[in-house]
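Asker: Got a file for you: query28.txt, compact mmCIF, C-alpha atoms.
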# COMPACT_ATOMS: atom_id res chain seq x y z
CA CYS V 1 29.75 21.48 -15.45
CA SER V 2 28.59 20.59 -11.96
CA TRP V 3 29.87 16.99 -12.15
CA GLU V 4 33.40 18.36 -11.96
CA LYS V 5 32.73 19.36 -8.33
CA HIS V 6 32.13 15.74 -7.34
CA ASN V 7 35.32 13.80 -6.75
CA LYS V 8 33.87 10.36 -7.54
CA LEU V 9 32.28 11.46 -10.80
CA SER V 10 35.36 13.42 -11.82
CA LYS V 11 37.56 10.43 -11.16
CA LEU V 12 35.36 8.20 -13.30
CA ILE V 13 34.70 10.58 -16.18
CA ASN V 14 38.29 11.77 -16.46
CA ILE V 15 39.66 8.28 -17.09
CA PHE V 16 37.54 8.07 -20.24
CA THR V 17 38.10 11.62 -21.49
CA ASN V 18 40.26 11.71 -24.64
CA LYS V 19 39.83 7.93 -25.06
CA VAL V 20 36.15 7.33 -25.73
CA GLU V 21 32.96 9.35 -25.63
CA ILE V 22 30.89 8.91 -22.50
CA ARG V 23 27.54 10.55 -21.83
CA PHE V 24 25.08 10.69 -18.96
CA VAL V 25 21.88 8.91 -19.96
CA GLY V 26 18.48 7.74 -18.86
CA GLY V 27 17.13 8.01 -15.36
CA CYS V 28 19.66 10.51 -14.06
CA ILE V 29 18.73 12.99 -16.79
CA ARG V 30 15.00 12.26 -16.45
CA ASP V 31 15.10 12.68 -12.68
CA VAL V 32 16.93 16.00 -12.86
CA LEU V 33 14.37 17.30 -15.37
CA LEU V 34 11.52 16.16 -13.11
CA ASN V 35 13.21 17.76 -10.06
CA PHE V 36 13.48 14.38 -8.35
CA GLU V 37 16.27 13.40 -6.01
CA LEU V 38 19.17 12.00 -8.03
CA LYS V 39 19.75 8.41 -6.97
CA ASP V 40 21.64 6.66 -9.74
CA ILE V 41 23.96 7.92 -12.42
CA ASP V 42 24.18 5.90 -15.59
CA PHE V 43 26.36 6.36 -18.63
CA ALA V 44 26.35 5.30 -22.25
CA ILE V 45 29.80 4.82 -23.73
CA ASP V 46 31.18 4.51 -27.23
CA CYS V 47 33.31 1.42 -26.73
CA LYS V 48 32.87 -2.30 -26.19
CA PRO V 49 32.46 -3.59 -22.62
CA GLU V 50 35.90 -5.21 -22.62
CA ASP V 51 37.41 -1.79 -23.36
CA THR V 52 35.43 -0.27 -20.49
CA VAL V 53 36.78 -3.01 -18.20
CA ARG V 54 40.33 -2.45 -19.46
CA ILE V 55 40.18 1.32 -18.85
CA LEU V 56 38.71 0.84 -15.37
CA SER V 57 41.37 -1.78 -14.53
CA GLU V 58 44.22 0.38 -15.82
CA ASN V 59 43.00 3.13 -13.53
CA LYS V 60 42.54 0.83 -10.54
CA ILE V 61 38.79 1.37 -10.34
CA GLU V 62 36.88 -1.58 -8.97
CA TYR V 63 34.04 -2.88 -11.12
CA GLN V 64 31.35 -5.52 -11.32
CA ASP V 65 30.68 -7.31 -14.58
CA TYR V 66 27.40 -9.11 -13.87
CA GLY V 67 25.74 -7.14 -16.70
CA LEU V 68 28.54 -7.78 -19.18
CA SER V 69 26.41 -9.94 -21.49
CA HIS V 70 24.24 -6.88 -22.10
CA GLY V 71 27.14 -4.44 -22.30
CA THR V 72 26.94 -3.06 -18.76
CA VAL V 73 29.90 -2.67 -16.44
CA THR V 74 29.31 -1.24 -12.97
CA ALA V 75 32.13 0.95 -11.68
CA LEU V 76 32.50 1.15 -7.89
CA ILE V 77 34.08 4.24 -6.39
CA ASP V 78 34.03 4.63 -2.61
CA GLY V 79 30.82 2.62 -2.32
CA THR V 80 28.99 4.40 -5.14
CA LYS V 81 27.93 2.43 -8.21
CA TYR V 82 27.91 3.85 -11.72
CA GLU V 83 26.51 1.76 -14.55
CA ILE V 84 28.37 2.19 -17.82
CA THR V 85 26.69 0.58 -20.81
CA SER V 86 28.18 0.26 -24.26
CA LEU V 87 26.21 1.62 -27.19
CA ARG V 88 24.18 -1.24 -28.54
CA LYS V 89 21.21 -2.32 -30.52
CA ASP V 90 18.89 -5.19 -29.77
CA VAL V 91 19.23 -7.88 -32.41
CA LYS V 92 16.79 -10.44 -31.03
CA THR V 93 14.41 -10.29 -28.07
CA ASP V 94 12.34 -12.89 -26.25
CA GLY V 95 9.92 -10.79 -24.23
CA ARG V 96 12.41 -10.09 -21.47
CA PHE V 97 16.05 -10.32 -22.55
CA ALA V 98 17.77 -9.17 -25.70
CA GLN V 99 20.70 -10.41 -27.69
CA VAL V 100 22.73 -7.30 -28.33
CA GLU V 101 25.14 -6.08 -30.94
CA TYR V 102 27.56 -3.29 -30.06
CA THR V 103 27.62 -0.22 -32.23
CA ASN V 104 29.31 3.15 -32.49
CA ASN V 105 26.07 4.80 -33.50
CA TRP V 106 24.37 6.81 -30.76
CA GLU V 107 21.06 6.77 -32.65
CA ASP V 108 21.04 2.93 -32.63
CA ASP V 109 21.30 3.13 -28.84
CA VAL V 110 18.44 5.65 -28.71
CA LEU V 111 16.15 3.44 -30.77
CA ARG V 112 16.52 0.41 -28.49
CA ARG V 113 15.40 2.34 -25.40
CA ASP V 114 11.87 2.18 -24.02
CA PHE V 115 10.58 5.75 -23.57
CA SER V 116 11.61 9.10 -24.98
CA MET V 117 12.31 10.48 -21.49
CA ASN V 118 14.86 7.69 -20.94
CA ALA V 119 16.68 8.40 -24.20
CA ILE V 120 18.09 11.81 -23.35
CA TYR V 121 21.88 11.99 -23.32
CA VAL V 122 24.08 14.73 -21.89
CA SER V 123 27.76 14.96 -22.75
CA VAL V 124 30.33 15.68 -20.06
CA SER V 125 30.59 19.20 -21.50
CA GLY V 126 26.83 19.71 -21.08
CA ASP V 127 25.62 19.20 -24.65
CA ILE V 128 22.09 17.73 -24.72
CA TYR V 129 21.14 15.04 -27.22
CA ASP V 130 17.39 14.46 -27.43
CA SER V 131 16.50 13.05 -30.85
CA VAL V 132 13.15 11.59 -29.71
CA ASN V 133 11.84 14.68 -27.88
CA GLY V 134 12.08 13.31 -24.37
CA ILE V 135 12.44 16.76 -22.84
CA GLN V 136 9.27 17.92 -24.58
CA ASP V 137 7.43 14.83 -23.32
CA ILE V 138 8.55 15.57 -19.76
CA GLN V 139 7.43 19.20 -20.11
CA ASN V 140 4.08 18.00 -21.51
CA GLN V 141 3.76 15.40 -18.75
CA GLN V 142 3.43 12.50 -21.14
CA ILE V 143 5.08 9.13 -21.62
CA SER V 144 5.96 8.18 -25.19
CA PHE V 145 7.30 4.83 -26.31
CA ILE V 146 10.10 4.96 -28.84
CA GLY V 147 8.89 3.31 -32.02
CA GLU V 148 5.83 1.12 -32.34
CA VAL V 149 4.23 0.50 -28.94
CA THR V 150 3.17 -3.13 -29.40
CA LYS V 151 6.58 -4.12 -30.70
CA ARG V 152 8.35 -2.34 -27.81
CA ILE V 153 6.22 -4.15 -25.24
CA GLN V 154 6.73 -7.52 -26.96
CA GLU V 155 10.49 -6.96 -26.82
CA ASP V 156 10.35 -6.65 -23.03
CA TYR V 157 7.07 -7.15 -21.18
CA LEU V 158 8.36 -5.25 -18.14
CA ARG V 159 8.02 -2.08 -20.18
CA ILE V 160 4.27 -2.09 -19.55
CA LEU V 161 4.93 -2.05 -15.79
CA ARG V 162 7.50 0.71 -16.23
CA PHE V 163 4.96 2.67 -18.27
CA TYR V 164 2.45 2.63 -15.41
CA ARG V 165 5.15 3.41 -12.85
CA PHE V 166 6.26 6.45 -14.81
CA LEU V 167 2.67 7.47 -15.53
CA GLY V 168 2.31 8.13 -11.81
CA TRP V 169 5.26 10.51 -11.93
CA VAL V 170 4.32 12.90 -14.71
Can you present the structure in this file as structure tokens?
Answerer:
Amino acid sequence: CSWEKHNKLSKLINIFTNKVEIRFVGGCIRDVLLNFELKDIDFAIDCKPEDTVRILSENKIEYQDYGLSHGTVTALIDGTKYEITSLRKDVKTDGRFAQVEYTNNWEDDVLRRDFSMNAIYVSVSGDIYDSVNGIQDIQNQQISFIGEVTKRIQEDYLRILRFYRFLGWV
């Protein structure tokens, strides 16, 4: 896999290998499929945020925990940020923020995401997980909400703005 050629990514991914499953997710996958410049690399991980913090600390990797209440820990390696978010499902939403519950179920994590093209996961060995046909939507130049559109927008009103932003891309 090409990530192995990048020292920062290798350093980060290798500390989780054989401990927990970590996958590339979201914008980095979408942007590669759209042939856009890769700006951010995000991960989904099959452990609770405190375990992510523990593993980073044990390996002397600096991190920021400002997103901890939503399961996100930001690893910092030589000035590069990598967001690592625990698998979760949204239990309660208020139109902007969600109360989350951590899970070990990748499909639960898929179903809480906004659009199919943002719910594509790629394992560190290159396996692609696309249960909501995000790749097909990208190929067809369409944006599809995951689940019922009105409900998804009511969960987080910023999704409507993201929809129009992405509409200009495809």
Asker: Mind listing as a CSV table (one decimal) with C-alpha atoms, keeping the file's coordinate frame all residues within 9 Å of (16.5, 6.3, -10.7), counting all atoms listed in the file?
Answerer:
chain,number,residue,atom,x,y,z
V,26,GLY,CA,18.5,7.7,-18.9
V,27,GLY,CA,17.1,8.0,-15.4
V,28,CYS,CA,19.7,10.5,-14.1
V,30,ARG,CA,15.0,12.3,-16.4
V,31,ASP,CA,15.1,12.7,-12.7
V,36,PHE,CA,13.5,14.4,-8.4
V,37,GLU,CA,16.3,13.4,-6.0
V,38,LEU,CA,19.2,12.0,-8.0
V,39,LYS,CA,19.8,8.4,-7.0
V,40,ASP,CA,21.6,6.7,-9.7
V,41,ILE,CA,24.0,7.9,-12.4
Asker: Need the neighbours of (23.9, -0.9, -19.2): which residues are at most 10 Å away, counting only C-alpha atoms, as a ChimeraX atom specification?
Answerer: /V:42-45,49,67-74,82-88
Asker: Nearest residue to V:Val100 out of V:Thr17, V:Phe24, V:Phe166, V:Lys48, using only C-alpha atoms?
Answerer: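 For V:Val100, the nearest of the candidates is V:Lys48.
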Asker: Please measure the separation of atom CA of V:Leu56 and atom CA of V:Tyr102, giving the value in Å to one decimal.
Answerer: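 These two atoms are separated by 18.9 Å.
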Asker: Of the candidates V:Asn14, V:Gln154, V:Asn133, V:Gln141, which shows the shortest atom-to-atom distance to V:Phe97, using all atoms listed in the file?
Answerer: V:Gln154
Asker: Excluding same-chain residues fewer than 3 positions from V:Thr80, what lies within 9 Å of it counting all atoms listed in the file, as a PyMOL selection string?
Answerer: chain V and resi 8+40+75-77
Asker: Which is closest to V:Asn140 among V:Leu34, V:His6, V:Val91, V:Ser123, if we use all atoms listed in the file?
Answerer: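 Under the stated criterion, the closest residue is V:Leu34.
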Asker: Would you compute the distance between atom CA of V:Val32 and atom CA of V:Asn105? Give it in Å to one decimal.
Answerer: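 These atoms are spaced 25.2 Å apart.
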Asker: I'd like to know which of V:Val124, V:Leu158, V:Ile61, V:Cys47 is closest to V:Val20, using all atoms listed in the file.
Answerer: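 Closest to V:Val20, using all atoms listed in the file: V:Cys47.
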Asker: Of the candidates V:Arg54, V:Ala119, V:Tyr129, V:Lys81, which one gets nearest to V:Leu9 if we count all atoms listed in the file?
Answerer: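 Distance minimum relative to V:Leu9 lands on V:Lys81.
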Asker: Would you mind listing what lies within 7 Å of V:Leu111 as a list in words, with all atoms listed in the file counted and same-chain residues fewer than 3 positions away left out?
Answerer: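 Residues near the query, excluding close chain neighbours: Glu107, Asp108 and Ile146 of chain V.
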Asker: Just the number, please: distance in Å from atom CA of V:Arg112 to atom CA of V:Arg152, one decimal.
Answerer: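 For atom CA of V:Arg112 relative to atom CA of V:Arg152, the distance reads 8.6 Å.
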Asker: Nearest to V:Asp127 among V:Gln64, V:Arg113, V:Phe163, V:Arg23, with distances taken over all atoms listed in the file: which residue is it?
Answerer: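 Under the stated criterion, the closest residue is V:Arg23.
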